Structure formats: structure tokens, C-alpha cells
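model.cif (mmCIF, C-alpha atoms)
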```
data_start
#
loop_
_atom_site.label_atom_id
_atom_site.label_comp_id
_atom_site.auth_asym_id
_atom_site.auth_seq_id
_atom_site.Cartn_x
_atom_site.Cartn_y
_atom_site.Cartn_z
CA MET A 1 16.55 -41.93 26.15
CA SER A 2 18.99 -39.55 24.54
CA THR A 3 22.12 -38.74 26.47
CA SER A 4 22.60 -35.46 24.60
CA SER A 5 22.05 -32.36 26.73
CA ARG A 6 21.18 -30.23 23.69
CA ARG A 7 17.63 -30.45 22.45
CA PRO A 8 17.67 -30.81 18.66
CA LYS A 9 16.19 -27.83 16.86
CA LEU A 10 13.81 -27.30 14.03
CA ARG A 11 15.54 -24.71 11.87
CA VAL A 12 14.90 -22.61 8.82
CA ASN A 13 18.15 -21.35 7.31
CA CYS A 14 19.19 -19.22 4.38
CA PHE A 15 15.60 -18.53 3.48
CA SER A 16 15.65 -15.69 0.97
CA VAL A 17 12.94 -13.06 1.06
CA SER A 18 12.48 -9.93 -1.05
CA LEU A 19 12.12 -6.46 0.48
CA ASP A 20 8.40 -6.71 -0.11
CA GLY A 21 8.23 -10.03 1.71
CA TYR A 22 8.08 -12.56 -1.10
CA GLY A 23 9.86 -15.90 -0.77
CA ALA A 24 8.96 -16.87 -4.32
CA GLY A 25 7.68 -15.12 -7.39
CA PRO A 26 4.40 -15.95 -9.13
CA ARG A 27 3.76 -18.76 -11.64
CA GLN A 28 6.28 -21.38 -10.50
CA ASP A 29 7.01 -24.04 -13.08
CA LEU A 30 9.79 -26.14 -14.53
CA SER A 31 11.61 -23.16 -16.02
CA ASN A 32 10.90 -20.90 -13.03
CA PRO A 33 11.37 -23.06 -9.93
CA LEU A 34 11.18 -19.95 -7.73
CA GLY A 35 8.51 -18.29 -9.82
CA VAL A 36 8.92 -15.41 -12.25
CA GLY A 37 11.69 -13.14 -10.96
CA GLY A 38 12.33 -15.46 -8.03
CA MET A 39 15.87 -16.42 -9.01
CA ALA A 40 16.94 -12.95 -7.86
CA LEU A 41 16.17 -13.97 -4.26
CA PRO A 42 19.12 -16.33 -3.65
CA GLU A 43 21.62 -14.23 -5.63
CA TRP A 44 23.61 -13.78 -2.43
CA PHE A 45 23.90 -17.57 -2.14
CA PHE A 46 25.05 -18.57 -5.62
CA PRO A 47 28.62 -17.21 -5.38
CA THR A 48 29.25 -18.76 -1.96
CA ARG A 49 31.78 -21.52 -1.51
CA THR A 50 29.02 -23.67 -0.04
CA PHE A 51 26.80 -23.45 -3.11
CA GLN A 52 29.68 -23.62 -5.57
CA THR A 53 31.29 -26.69 -4.04
CA THR A 54 28.30 -28.67 -2.76
CA VAL A 55 25.79 -28.01 -5.51
CA LEU A 56 27.84 -27.13 -8.58
CA GLY A 57 30.88 -29.27 -7.80
CA ALA A 58 33.27 -26.35 -8.26
CA ALA A 59 36.65 -26.35 -6.54
CA ASP A 60 36.01 -23.20 -4.54
CA GLY A 61 33.77 -20.18 -4.13
CA ALA A 62 33.37 -16.91 -2.24
CA ARG A 63 33.86 -16.86 1.51
CA GLY A 64 32.71 -14.22 3.95
CA ILE A 65 29.45 -13.34 5.67
CA ASP A 66 27.18 -14.97 3.11
CA ASP A 67 29.13 -18.20 3.09
CA ASP A 68 29.35 -18.23 6.88
CA PHE A 69 25.56 -18.33 7.00
CA ALA A 70 25.44 -20.96 4.27
CA VAL A 71 27.89 -23.15 6.20
CA ARG A 72 25.89 -22.74 9.41
CA GLY A 73 22.75 -23.66 7.54
CA MET A 74 24.23 -27.01 6.54
CA ALA A 75 25.87 -27.83 9.88
CA GLY A 76 24.44 -30.36 12.31
CA LEU A 77 21.52 -31.49 10.18
CA GLY A 78 20.05 -34.96 10.49
CA ALA A 79 17.01 -34.53 8.25
CA TRP A 80 15.17 -32.05 6.03
CA ILE A 81 11.52 -31.27 5.41
CA LEU A 82 10.45 -29.87 2.04
CA GLY A 83 7.12 -28.82 0.67
CA ARG A 84 6.15 -30.59 -2.48
CA ASN A 85 6.56 -27.53 -4.68
CA MET A 86 10.13 -27.26 -3.55
CA PHE A 87 10.67 -30.86 -4.54
CA GLY A 88 9.37 -30.30 -8.03
CA PRO A 89 6.93 -28.67 -10.41
CA ILE A 90 4.47 -31.60 -10.57
CA ARG A 91 1.04 -30.96 -9.00
CA GLY A 92 -1.63 -33.53 -8.17
CA GLU A 93 -1.07 -37.30 -8.47
CA TRP A 94 2.45 -38.50 -9.29
CA PRO A 95 2.18 -39.60 -12.92
CA ASP A 96 5.19 -41.96 -12.50
CA ASP A 97 8.52 -42.15 -10.69
CA GLN A 98 10.44 -40.11 -13.25
CA TRP A 99 10.72 -36.86 -11.28
CA LYS A 100 13.51 -37.13 -8.71
CA GLY A 101 13.87 -33.53 -7.56
CA TRP A 102 15.69 -30.53 -8.98
CA TRP A 103 19.12 -31.69 -7.85
CA GLY A 104 20.19 -34.54 -10.15
CA GLU A 105 21.36 -38.00 -9.08
CA THR A 106 23.27 -36.79 -6.00
CA PRO A 107 21.17 -34.21 -4.14
CA PRO A 108 23.04 -31.92 -1.72
CA TYR A 109 21.15 -33.19 1.36
CA HIS A 110 22.97 -36.45 2.22
CA VAL A 111 20.37 -37.25 4.89
CA PRO A 112 16.70 -38.31 4.84
CA VAL A 113 14.42 -35.68 3.30
CA PHE A 114 10.70 -35.69 4.09
CA VAL A 115 8.55 -34.28 1.31
CA LEU A 116 5.05 -33.06 2.19
CA THR A 117 2.47 -34.22 -0.34
CA HIS A 118 -1.16 -35.26 -0.54
CA HIS A 119 -0.24 -38.10 -2.88
CA PRO A 120 1.54 -41.25 -1.67
CA ARG A 121 4.73 -42.37 -3.32
CA ALA A 122 7.39 -44.94 -2.43
CA PRO A 123 10.65 -43.65 -0.91
CA LEU A 124 13.27 -42.63 -3.41
CA VAL A 125 16.86 -43.59 -2.58
CA MET A 126 19.38 -41.30 -4.24
CA ALA A 127 23.18 -41.31 -4.36
CA GLY A 128 25.16 -39.73 -1.53
CA GLY A 129 22.89 -40.60 1.38
CA THR A 130 19.75 -38.70 0.42
CA THR A 131 16.46 -40.58 0.58
CA PHE A 132 13.24 -38.75 -0.26
CA HIS A 133 10.32 -39.92 1.87
CA PHE A 134 6.85 -38.78 0.86
CA VAL A 135 4.65 -37.88 3.81
CA THR A 136 0.90 -37.58 3.36
CA GLY A 137 -0.06 -36.97 7.01
CA GLY A 138 0.79 -33.27 7.24
CA ILE A 139 3.41 -31.15 8.95
CA HIS A 140 3.28 -32.82 12.38
CA GLU A 141 3.77 -36.30 10.98
CA ALA A 142 6.61 -35.09 8.81
CA LEU A 143 8.29 -33.46 11.80
CA LEU A 144 7.88 -36.58 13.92
CA ARG A 145 9.45 -38.75 11.26
CA ALA A 146 12.21 -36.23 10.55
CA ARG A 147 13.08 -35.93 14.26
CA GLU A 148 13.21 -39.70 14.53
CA ALA A 149 15.52 -39.89 11.53
CA ALA A 150 17.69 -37.01 12.74
CA GLN A 151 18.04 -38.37 16.27
CA ASP A 152 20.13 -35.82 18.20
CA LYS A 153 20.75 -33.65 15.15
CA ASP A 154 18.65 -30.74 13.92
CA VAL A 155 15.90 -30.81 11.33
CA ARG A 156 15.79 -28.11 8.68
CA VAL A 157 12.71 -26.94 6.87
CA GLY A 158 13.97 -26.12 3.40
CA GLY A 159 10.87 -24.44 2.03
CA GLY A 160 8.91 -23.33 0.15
CA VAL A 161 7.04 -20.40 1.55
CA ALA A 162 3.81 -22.24 2.38
CA THR A 163 5.69 -24.96 4.26
CA VAL A 164 7.79 -22.51 6.26
CA ARG A 165 4.65 -20.50 7.08
CA GLN A 166 2.86 -23.61 8.36
CA TYR A 167 5.69 -24.56 10.69
CA LEU A 168 6.04 -20.98 11.94
CA GLN A 169 2.31 -20.59 12.49
CA ALA A 170 2.31 -23.80 14.52
CA GLY A 171 5.14 -22.39 16.66
CA LEU A 172 7.37 -25.33 15.81
CA VAL A 173 10.38 -23.51 14.35
CA ASP A 174 13.11 -22.82 16.93
CA GLU A 175 15.36 -20.73 14.73
CA LEU A 176 14.62 -18.74 11.59
CA HIS A 177 17.41 -17.29 9.48
CA LEU A 178 16.21 -14.99 6.72
CA ALA A 179 18.37 -13.47 4.02
CA ILE A 180 16.65 -10.29 2.93
CA SER A 181 17.56 -9.75 -0.70
CA PRO A 182 17.62 -6.14 -1.87
CA VAL A 183 15.01 -6.74 -4.56
CA LEU A 184 11.31 -6.16 -5.02
CA LEU A 185 9.17 -8.87 -6.59
CA GLY A 186 5.81 -7.12 -6.51
CA GLU A 187 3.88 -10.38 -6.49
CA GLY A 188 4.33 -14.01 -5.53
CA GLU A 189 4.22 -16.00 -2.30
CA ASN A 190 4.49 -13.69 0.70
CA LEU A 191 6.19 -15.06 3.79
CA PHE A 192 4.81 -12.53 6.26
CA ALA A 193 1.21 -11.84 5.16
CA GLY A 194 -1.07 -12.54 8.09
CA LEU A 195 1.79 -13.99 10.12
CA ASP A 196 2.52 -12.14 13.38
CA LEU A 197 5.98 -13.44 14.26
CA PRO A 198 6.49 -11.32 17.39
CA LYS A 199 3.18 -12.58 18.74
CA LEU A 200 4.29 -16.13 17.95
CA GLY A 201 7.30 -15.55 20.19
CA TYR A 202 10.06 -14.81 17.70
CA GLU A 203 12.76 -12.34 18.71
CA ARG A 204 15.59 -11.08 16.58
CA THR A 205 18.86 -12.42 17.90
CA GLU A 206 21.22 -11.53 15.04
CA HIS A 207 21.51 -8.88 12.34
CA VAL A 208 24.44 -9.11 9.95
CA PRO A 209 24.32 -7.20 6.68
CA SER A 210 26.53 -8.25 3.79
CA ALA A 211 27.04 -6.54 0.46
CA SER A 212 24.42 -8.87 -1.06
CA ALA A 213 21.81 -9.49 1.62
CA THR A 214 20.73 -8.59 5.11
CA HIS A 215 20.97 -11.63 7.34
CA VAL A 216 18.64 -11.75 10.32
CA VAL A 217 18.10 -14.57 12.75
CA PHE A 218 14.97 -14.95 14.86
CA THR A 219 14.80 -17.28 17.81
CA LYS A 220 11.63 -18.53 19.43
CA ARG A 221 11.34 -17.66 23.10
CA ALA A 222 11.14 -20.71 25.31
CA THR A 223 7.55 -21.15 26.46
CA MET B 1 9.57 29.28 -17.63
CA SER B 2 12.19 27.69 -15.45
CA THR B 3 15.76 28.01 -16.59
CA SER B 4 16.79 24.94 -14.59
CA SER B 5 17.71 21.94 -16.72
CA ARG B 6 16.91 19.53 -13.88
CA ARG B 7 13.30 18.53 -13.44
CA PRO B 8 12.39 18.75 -9.74
CA LYS B 9 11.61 15.38 -8.21
CA LEU B 10 8.99 13.99 -5.93
CA ARG B 11 10.96 12.02 -3.35
CA VAL B 12 10.41 9.72 -0.43
CA ASN B 13 13.49 9.55 1.78
CA CYS B 14 14.51 7.76 4.95
CA PHE B 15 11.24 5.90 5.08
CA SER B 16 11.68 3.13 7.63
CA VAL B 17 10.06 -0.23 7.06
CA SER B 18 10.22 -3.41 9.13
CA LEU B 19 11.36 -6.74 7.69
CA ASP B 20 7.72 -7.75 7.46
CA GLY B 21 6.87 -4.61 5.53
CA TYR B 22 5.30 -2.36 8.14
CA GLY B 23 5.90 1.38 8.07
CA ALA B 24 4.00 1.87 11.32
CA GLY B 25 2.72 -0.32 14.10
CA PRO B 26 -0.94 -0.68 15.07
CA ARG B 27 -2.98 1.67 17.27
CA GLN B 28 -1.27 5.01 16.59
CA ASP B 29 -2.04 7.67 19.17
CA LEU B 30 -0.47 10.53 21.11
CA SER B 31 1.86 8.26 23.06
CA ASN B 32 2.58 5.99 20.08
CA PRO B 33 2.98 8.29 17.07
CA LEU B 34 4.30 5.38 15.01
CA GLY B 35 1.92 2.85 16.53
CA VAL B 36 2.72 0.18 19.09
CA GLY B 37 6.29 -1.00 18.52
CA GLY B 38 6.76 1.51 15.71
CA MET B 39 9.49 3.53 17.39
CA ALA B 40 11.86 0.64 16.64
CA LEU B 41 11.59 1.50 12.94
CA PRO B 42 13.68 4.71 12.88
CA GLU B 43 16.23 3.46 15.42
CA TRP B 44 18.90 3.80 12.73
CA PHE B 45 17.98 7.48 12.37
CA PHE B 46 17.98 8.69 15.98
CA PRO B 47 21.76 8.60 16.57
CA THR B 48 22.56 10.39 13.29
CA ARG B 49 24.07 13.82 13.32
CA THR B 50 21.15 15.02 11.21
CA PHE B 51 18.50 13.97 13.73
CA GLN B 52 20.57 14.98 16.75
CA THR B 53 21.38 18.47 15.48
CA THR B 54 18.26 19.41 13.52
CA VAL B 55 15.56 17.84 15.68
CA LEU B 56 17.08 17.58 19.16
CA GLY B 57 19.34 20.64 18.96
CA ALA B 58 22.41 18.64 20.03
CA ALA B 59 25.88 19.83 19.07
CA ASP B 60 26.76 16.73 17.11
CA GLY B 61 25.78 13.14 16.33
CA ALA B 62 26.90 10.00 14.53
CA ARG B 63 28.18 10.25 10.98
CA GLY B 64 28.50 7.47 8.45
CA ILE B 65 26.15 5.63 6.11
CA ASP B 66 22.97 6.33 8.06
CA ASP B 67 23.70 10.02 8.38
CA ASP B 68 24.72 10.26 4.73
CA PHE B 69 21.22 9.11 3.79
CA ALA B 70 19.66 11.46 6.34
CA VAL B 71 21.61 14.40 4.90
CA ARG B 72 20.59 13.48 1.34
CA GLY B 73 16.98 13.24 2.47
CA MET B 74 17.04 16.86 3.64
CA ALA B 75 18.98 18.30 0.71
CA GLY B 76 17.39 20.31 -2.07
CA LEU B 77 13.87 20.34 -0.67
CA GLY B 78 11.44 23.15 -1.42
CA ALA B 79 8.31 21.66 0.15
CA TRP B 80 6.97 18.63 2.00
CA ILE B 81 3.74 16.68 1.85
CA LEU B 82 2.47 14.88 4.96
CA GLY B 83 -0.53 12.74 5.63
CA ARG B 84 -2.69 14.00 8.42
CA ASN B 85 -1.79 11.16 10.78
CA MET B 86 1.83 12.11 10.44
CA PHE B 87 0.95 15.67 11.39
CA GLY B 88 -0.84 14.58 14.53
CA PRO B 89 -3.06 12.15 16.39
CA ILE B 90 -6.31 14.10 15.89
CA ARG B 91 -8.92 12.46 13.64
CA GLY B 92 -12.05 14.03 12.17
CA GLU B 93 -12.82 17.76 12.44
CA TRP B 94 -10.16 20.01 13.98
CA PRO B 95 -11.54 20.83 17.45
CA ASP B 96 -9.46 24.04 17.59
CA ASP B 97 -6.06 25.37 16.50
CA GLN B 98 -4.17 23.99 19.49
CA TRP B 99 -2.45 21.10 17.76
CA LYS B 100 0.59 22.35 15.87
CA GLY B 101 2.35 19.12 14.93
CA TRP B 102 4.71 16.81 16.83
CA TRP B 103 7.71 19.09 16.41
CA GLY B 104 7.26 22.04 18.78
CA GLU B 105 7.45 25.73 17.86
CA THR B 106 10.26 25.33 15.32
CA PRO B 107 9.58 22.27 13.16
CA PRO B 108 12.57 20.81 11.27
CA TYR B 109 11.09 21.51 7.82
CA HIS B 110 11.88 25.22 7.25
CA VAL B 111 9.78 25.21 4.05
CA PRO B 112 6.06 24.99 3.27
CA VAL B 113 4.49 21.71 4.37
CA PHE B 114 1.23 20.53 2.80
CA VAL B 115 -0.88 18.38 5.10
CA LEU B 116 -3.51 16.13 3.52
CA THR B 117 -6.80 16.28 5.41
CA HIS B 118 -10.53 16.08 4.77
CA HIS B 119 -11.12 18.99 7.14
CA PRO B 120 -10.26 22.59 6.23
CA ARG B 121 -8.04 24.63 8.49
CA ALA B 122 -6.23 27.96 8.12
CA PRO B 123 -2.50 27.86 7.39
CA LEU B 124 -0.28 27.65 10.42
CA VAL B 125 2.87 29.77 10.35
CA MET B 126 5.59 28.35 12.60
CA ALA B 127 9.04 29.62 13.53
CA GLY B 128 12.00 28.89 11.26
CA GLY B 129 10.25 29.06 7.90
CA THR B 130 7.78 26.19 8.23
CA THR B 131 4.18 26.90 7.29
CA PHE B 132 1.63 24.10 7.49
CA HIS B 133 -0.97 24.32 4.73
CA PHE B 134 -4.01 22.08 5.01
CA VAL B 135 -5.12 20.61 1.69
CA THR B 136 -8.56 19.08 1.33
CA GLY B 137 -8.45 18.34 -2.40
CA GLY B 138 -6.41 15.13 -2.32
CA ILE B 139 -2.93 14.05 -3.36
CA HIS B 140 -2.87 15.69 -6.79
CA GLU B 141 -3.87 19.09 -5.44
CA ALA B 142 -1.31 18.79 -2.66
CA LEU B 143 1.40 17.93 -5.17
CA LEU B 144 0.46 20.80 -7.44
CA ARG B 145 0.63 23.28 -4.59
CA ALA B 146 3.84 21.77 -3.21
CA ARG B 147 5.54 21.92 -6.62
CA GLU B 148 4.48 25.53 -7.01
CA ALA B 149 5.90 26.38 -3.58
CA ALA B 150 9.10 24.39 -4.18
CA GLN B 151 9.74 25.93 -7.60
CA ASP B 152 12.90 24.28 -8.94
CA LYS B 153 13.53 22.31 -5.77
CA ASP B 154 12.29 18.83 -4.91
CA VAL B 155 9.18 17.91 -2.97
CA ARG B 156 9.40 15.22 -0.32
CA VAL B 157 6.54 13.03 0.84
CA GLY B 158 7.23 12.53 4.52
CA GLY B 159 4.61 9.87 5.22
CA GLY B 160 2.80 8.13 6.72
CA VAL B 161 2.32 4.80 5.04
CA ALA B 162 -1.08 5.52 3.47
CA THR B 163 0.17 8.76 1.94
CA VAL B 164 3.34 7.20 0.53
CA ARG B 165 1.28 4.32 -0.88
CA GLN B 166 -1.10 6.71 -2.62
CA TYR B 167 1.70 8.61 -4.32
CA LEU B 168 3.47 5.40 -5.33
CA GLN B 169 0.29 3.83 -6.66
CA ALA B 170 -0.33 6.94 -8.75
CA GLY B 171 3.18 6.63 -10.18
CA LEU B 172 4.10 10.11 -8.98
CA VAL B 173 7.14 9.31 -6.84
CA ASP B 174 10.43 9.66 -8.74
CA GLU B 175 12.73 8.32 -6.03
CA LEU B 176 12.01 6.10 -3.05
CA HIS B 177 14.61 5.54 -0.35
CA LEU B 178 13.67 2.88 2.16
CA ALA B 179 15.58 2.06 5.33
CA ILE B 180 14.80 -1.55 6.14
CA SER B 181 15.02 -1.89 9.90
CA PRO B 182 16.01 -5.33 11.19
CA VAL B 183 12.84 -5.72 13.23
CA LEU B 184 9.52 -7.50 12.89
CA LEU B 185 6.33 -5.71 13.86
CA GLY B 186 3.82 -8.45 13.11
CA GLU B 187 0.98 -6.00 12.54
CA GLY B 188 0.43 -2.38 11.59
CA GLU B 189 0.36 -0.44 8.33
CA ASN B 190 2.01 -2.42 5.56
CA LEU B 191 3.79 -0.44 2.87
CA PHE B 192 3.88 -3.20 0.25
CA ALA B 193 0.56 -5.05 0.57
CA GLY B 194 -1.14 -5.02 -2.81
CA LEU B 195 1.45 -2.66 -4.23
CA ASP B 196 3.43 -4.04 -7.18
CA LEU B 197 6.38 -1.65 -7.33
CA PRO B 198 8.23 -3.36 -10.21
CA LYS B 199 5.07 -3.21 -12.29
CA LEU B 200 4.74 0.47 -11.40
CA GLY B 201 8.19 1.00 -12.93
CA TYR B 202 10.42 1.11 -9.87
CA GLU B 203 13.93 -0.30 -10.17
CA ARG B 204 16.50 -0.64 -7.45
CA THR B 205 19.35 1.75 -8.09
CA GLU B 206 21.20 1.57 -4.75
CA HIS B 207 21.74 -0.93 -1.94
CA VAL B 208 23.86 0.16 1.01
CA PRO B 209 23.68 -1.82 4.23
CA SER B 210 24.74 -0.20 7.49
CA ALA B 211 25.05 -1.78 10.92
CA SER B 212 21.55 -0.50 11.76
CA ALA B 213 19.52 -0.67 8.56
CA THR B 214 19.57 -1.73 4.94
CA HIS B 215 19.27 1.29 2.71
CA VAL B 216 17.73 0.75 -0.70
CA VAL B 217 16.83 3.33 -3.30
CA PHE B 218 14.28 2.75 -6.04
CA THR B 219 14.00 4.99 -9.05
CA LYS B 220 11.03 5.20 -11.34
CA ARG B 221 11.81 4.40 -14.96
CA ALA B 222 11.15 7.30 -17.28
CA THR B 223 7.97 6.58 -19.22
#
```
Now, as a test, write the supplied structure out as C-alpha cells.
Amino acid sequence: MSTSSRRPKLRVNCFSVSLDGYGAGPRQDLSNPLGVGGMALPEWFFPTRTFQTTVLGAADGARGIDDDFAVRGMAGLGAWILGRNMFGPIRGEWPDDQWKGWWGETPPYHVPVFVLTHHPRAPLVMAGGTTFHFVTGGIHEALLRAREAAQDKDVRVGGGVATVRQYLQAGLVDELHLAISPVLLGEGENLFAGLDLPKLGYERTEHVPSASATHVVFTKRAT
Amino acid sequence: MSTSSRRPKLRVNCFSVSLDGYGAGPRQDLSNPLGVGGMALPEWFFPTRTFQTTVLGAADGARGIDDDFAVRGMAGLGAWILGRNMFGPIRGEWPDDQWKGWWGETPPYHVPVFVLTHHPRAPLVMAGGTTFHFVTGGIHEALLRAREAAQDKDVRVGGGVATVRQYLQAGLVDELHLAISPVLLGEGENLFAGLDLPKLGYERTEHVPSASATHVVFTKRAT
């Protein structure tokens, strides 16, 4: 039995959405990991100290509102859950073990990462503490395994859109931080279509605009 | 022939949209002119000096970013176009001439207002310079008549969602100012669904967040 008084959360953080509700553009592939036009979505994130130092290995980066949210998004995490399309561009059966994610030899997770897929694959141990586990049993199994791995820390759903939508629809996400990017995509994967977040119990608890994005946090009402 | 060197524009200003893309909530009626939950959309607008003085008749109101956009939205207008649902809650044939809009005896337009409807009705002359004209020939006829009335001034499409969508889809709107309200509606009339604004030639030309809304302006590329 855990002695912690704080129940660990399932969180979505720093999830970038266009003004017209798209979390990714259309036609995702190796050269367009976020779909055509989709790289405009996290433009607020790229200059941040968090991205610059943890992903690019730079000495420093921009601080301020955007970085504050980026820092919060990384704090207190014991595991991640990713949809397969966020892990890579390969669809269907894994042809081999060559693809190891978008992030090089040392991914910026440093904890176990559970990748949703229909196709089994052996765990992939990377440098820096990240291990990719491939889960074929669906979102509930992935969450169970991620919670177990995270123990009294939080689990973060990294994306993509379809994965975040599934966890929201199932009412499993405790906290949802969206960064609304001031761009229109016109087409792609819509986060909100057919998803009634107020009806699912989500209330806005924060609203902090920056020069690059509008940050909003939604918290699920206790039921 | 006009001697003005500036081509008058068709504008949408101060159009409030939720984070999930709704410009109105569901089930619009007399007590919910913007649909259930919809009154949260223009919350940024209500405290402004523009709303307080021109609609409520107060002596003053809040200035700043939100009011700057409200002022711009009212400047240089020679005519308005409204969808019928924005004019009132009555559907179908006009039962009589009792309904004169939501705005009392002196509506805040002070110029000719062209109301789209399938049901003919005689023009309605109000105090303060507003005349409501009822147009049964569709959006192009309404625009033609509004441009004629406005002469070298701009025409503004006031709403609602369906009317704005029609003018955008037809590529007729020159400038679109949206105020993204930090709320979720979950259901209602979606501004963006099926509308590919980048493909229609709209580019973001301004992005100004305030404490209450994220203001974004899109301008149609000259074709």
C-alpha cells in the first residue's frame, strides 16, 4: 500500500492545438512527423529552455510563461504513454528493430515509455533511462502498466491526437494542458471533433496567454 | 465612379469562438440567444468601454486590448449583414412585425443592416439610423445591397456562425478577426468544421492575446 497521500495523476501536458482544433496536420510521414503544416503547432515550445536543453542539448534557452509550462509538463513523471504514430512513421507489422523513435539514442523521457500498438515487439532499452515497452492490449492495459512503473509519480500521455482522445473519452485524464497555437491548419487530426469535454467533466482551471500560445489547463471534476 | 483609392472590405470582427471551435452553443432560443453556455463566448467583450457605452449606455468601461479590437470592429462601417438567427429567435414565417431584434428601440448599428431570411418582410426603421432590411435572395444579394448602402465604407458580417461560414466558404470575407475565448462548449455550432481556411487563402496577420481572449486576425490573400 502506498504511503503517499497524493493520488498520482494521468496528465496531458504541452499538447499543441491549432485554432481550428487540429493536433496534427494531414499526411504524417517521416519528413512530416506532425503532418503537413503541423510543425507550426509547437512553435511556442521550440525556443524554450526545456526544449533547447533537454532535446537539443543547448546550454540555455528562453524562459518565461512557455518554459514554465514546459517545465511543469516534465515534472513528477514516472512513465509516459505514446500512440504508435507518435513513436514513429511505421504502420502495420514492425519490419525489424531498426526504428527506435524520433529522438536518437538518448530520448528525453528517462523513464519507461509505453507505446500503444497492435503489433508485438520486444522492449527497447535506450540510453538515459528510457525503455520503450510495446503494449498490444489497448489503452487500459497501457495505463495499468504505466501506473505500476510510475508508482507514486504521474503518468503523462504524450500523444498523438488519437491517443489523447481515447484517454479523454474514457474519462481517464485528470489534467489536460493545451497550448493553443495561433495558426490554422485547415485539415488534419482534430482533437475536439465529437468530443464533449464539459460533459466528460472537464473544467478550465487556468488560462495564461503568452506571446506565442494560449495556455489553458482543464481539470477533471472528481466523480 | 468612386474616387476612393481604398477598396471597401467585407469584414468579420470580434467573432467569439470557444477553444473547441464553437461560435454558439446548442439549443438557441429567446433565453439563450447564443445557445446553452454560449454567453461565455463574449465574456471578453462585455466589460469593454465599447460594449458598456454603446450597448448598455454606461458612462465608461474597460479600455485595453479587448476594447481596442471592439473599437476597430465598429470603425468605418457602412452596413451590416446578419443571419436571421442573430436577428432573433423566430424561425419560419414572420408571425407579425412585433419582433424588432435583440437590441431595443435604438440598436447599436446606426447604419443599414441586411438580415438574411427565407421569408419576406418590410424594412424596419429603428431609432438612431438603423434600418433592418430583410433579404430573401441569399448571401450574394445581401452583399450587393450592403455594399451599395455602405458606398466607400466597409460591410461587416455580424454572424451567426452559419452566416459567417457561408461568406468565408464563398471567399468573400477580406478580414476575419476571431476572439478565442478560453472556454470549452462541447457542442453547438462549430465555425471550423469542414472549413479549410488556409486553402481558402486566409493567412494570420495578427495575434494579440489579452487576459480574457486570444485575438487573431486573418486576411485573405489577394487573388
key: Selection result of the PyMOL selection byres ((chain B) within 12 of (chain A)) on this file, as an NGL selection string   = :B and (16-23 or 25 or 37 or 178-218)
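This file, queried with the PyMOL selection byres ((chain A and resi 116-121) around 9), gives the residues Ile81, Leu82, Gly83, Arg84, Asn85, Gly92, Glu93, Trp94, Asp97, Phe114, Val115, Ala122, Pro123, Leu124, His133, Phe134, Val135, Thr136, Gly137, Gly138, Ile139, Ala142 and Thr163 of chain A.
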remark   = CA of Ala79 in chain B to CA of Val155 in chain B measures 5.0 Å
ask   = Quick one, how far is CA of Lys9 in chain B from CA of Lys153 in chain B?
value = 7.6 Å
message = For Pro47 in chain A, find every residue with an atom within 12 Å (counting only C-alpha atoms), except residues of its own chain fewer than 2 positions away, and show them as a PyMOL selection string.
response = chain A and resi 42-45+49-56+58+60-67+70+212
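With distances restricted to only C-alpha atoms, B:Gly160 is the closest residue to Gly38 in chain B from B:Trp80, B:Gly160, B:Glu141, B:Lys220.
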ask   = So what do you get for CA of Gly101 in chain B versus CA of Gly88 in chain B, distance-wise?
value =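 Distance reported for this atom pair: 5.6 Å.
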task = List the residues selected by the PyMOL selection byres ((chain A and resi 30) around 10) in the file shown, writing them as a list of chain:residue names.
result = A:Arg27, A:Gln28, A:Asp29, A:Ser31, A:Asn32, A:Pro33, A:Leu34, A:Gly35, A:Gly88, A:Pro89, A:Ile90, A:Trp102
Any chance you could model N, CA, C and O atoms for range 95-106 of chain A and send them as an mmCIF file, in the frame of the given file?
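So result-v5.cif came out as:
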```cif
data_model
loop_
_atom_site.group_PDB
_atom_site.id
_atom_site.type_symbol
_atom_site.label_atom_id
_atom_site.label_comp_id
_atom_site.auth_asym_id
_atom_site.auth_seq_id
_atom_site.Cartn_x
_atom_site.Cartn_y
_atom_site.Cartn_z
ATOM 1 N N PRO A 95 2.507 -38.840 -11.702
ATOM 2 C CA PRO A 95 2.180 -39.600 -12.920
ATOM 3 C C PRO A 95 3.036 -40.876 -13.002
ATOM 4 O O PRO A 95 2.592 -41.899 -13.500
ATOM 5 N N ASP A 96 4.284 -40.817 -12.511
ATOM 6 C CA ASP A 96 5.190 -41.960 -12.500
ATOM 7 C C ASP A 96 6.342 -41.611 -11.561
ATOM 8 O O ASP A 96 6.275 -40.620 -10.843
ATOM 9 N N ASP A 97 7.410 -42.413 -11.596
ATOM 10 C CA ASP A 97 8.520 -42.150 -10.690
ATOM 11 C C ASP A 97 9.669 -41.403 -11.353
ATOM 12 O O ASP A 97 10.799 -41.393 -10.861
ATOM 13 N N GLN A 98 9.376 -40.777 -12.500
ATOM 14 C CA GLN A 98 10.440 -40.110 -13.250
ATOM 15 C C GLN A 98 11.040 -38.923 -12.500
ATOM 16 O O GLN A 98 12.250 -38.736 -12.476
ATOM 17 N N TRP A 99 10.199 -38.082 -11.911
ATOM 18 C CA TRP A 99 10.720 -36.860 -11.280
ATOM 19 C C TRP A 99 11.434 -37.200 -9.972
ATOM 20 O O TRP A 99 10.856 -37.791 -9.071
ATOM 21 N N LYS A 100 12.705 -36.813 -9.899
ATOM 22 C CA LYS A 100 13.510 -37.130 -8.710
ATOM 23 C C LYS A 100 14.081 -35.890 -8.045
ATOM 24 O O LYS A 100 15.150 -35.946 -7.426
ATOM 25 N N GLY A 101 13.380 -34.766 -8.176
ATOM 26 C CA GLY A 101 13.870 -33.530 -7.560
ATOM 27 C C GLY A 101 14.676 -32.699 -8.540
ATOM 28 O O GLY A 101 15.007 -33.156 -9.633
ATOM 29 N N TRP A 102 14.975 -31.484 -8.114
ATOM 30 C CA TRP A 102 15.690 -30.530 -8.980
ATOM 31 C C TRP A 102 17.190 -30.783 -9.015
ATOM 32 O O TRP A 102 17.913 -30.113 -9.749
ATOM 33 N N TRP A 103 17.700 -31.723 -8.206
ATOM 34 C CA TRP A 103 19.120 -31.690 -7.850
ATOM 35 C C TRP A 103 19.966 -32.770 -8.500
ATOM 36 O O TRP A 103 21.086 -33.007 -8.078
ATOM 37 N N GLY A 104 19.397 -33.504 -9.488
ATOM 38 C CA GLY A 104 20.190 -34.540 -10.150
ATOM 39 C C GLY A 104 20.308 -35.804 -9.309
ATOM 40 O O GLY A 104 19.605 -35.978 -8.312
ATOM 41 N N GLU A 105 21.246 -36.676 -9.708
ATOM 42 C CA GLU A 105 21.360 -38.000 -9.080
ATOM 43 C C GLU A 105 21.894 -37.944 -7.645
ATOM 44 O O GLU A 105 21.644 -38.845 -6.851
ATOM 45 N N THR A 106 22.676 -36.894 -7.349
ATOM 46 C CA THR A 106 23.270 -36.790 -6.000
ATOM 47 C C THR A 106 22.826 -35.470 -5.350
ATOM 48 O O THR A 106 23.536 -34.469 -5.405
#
```
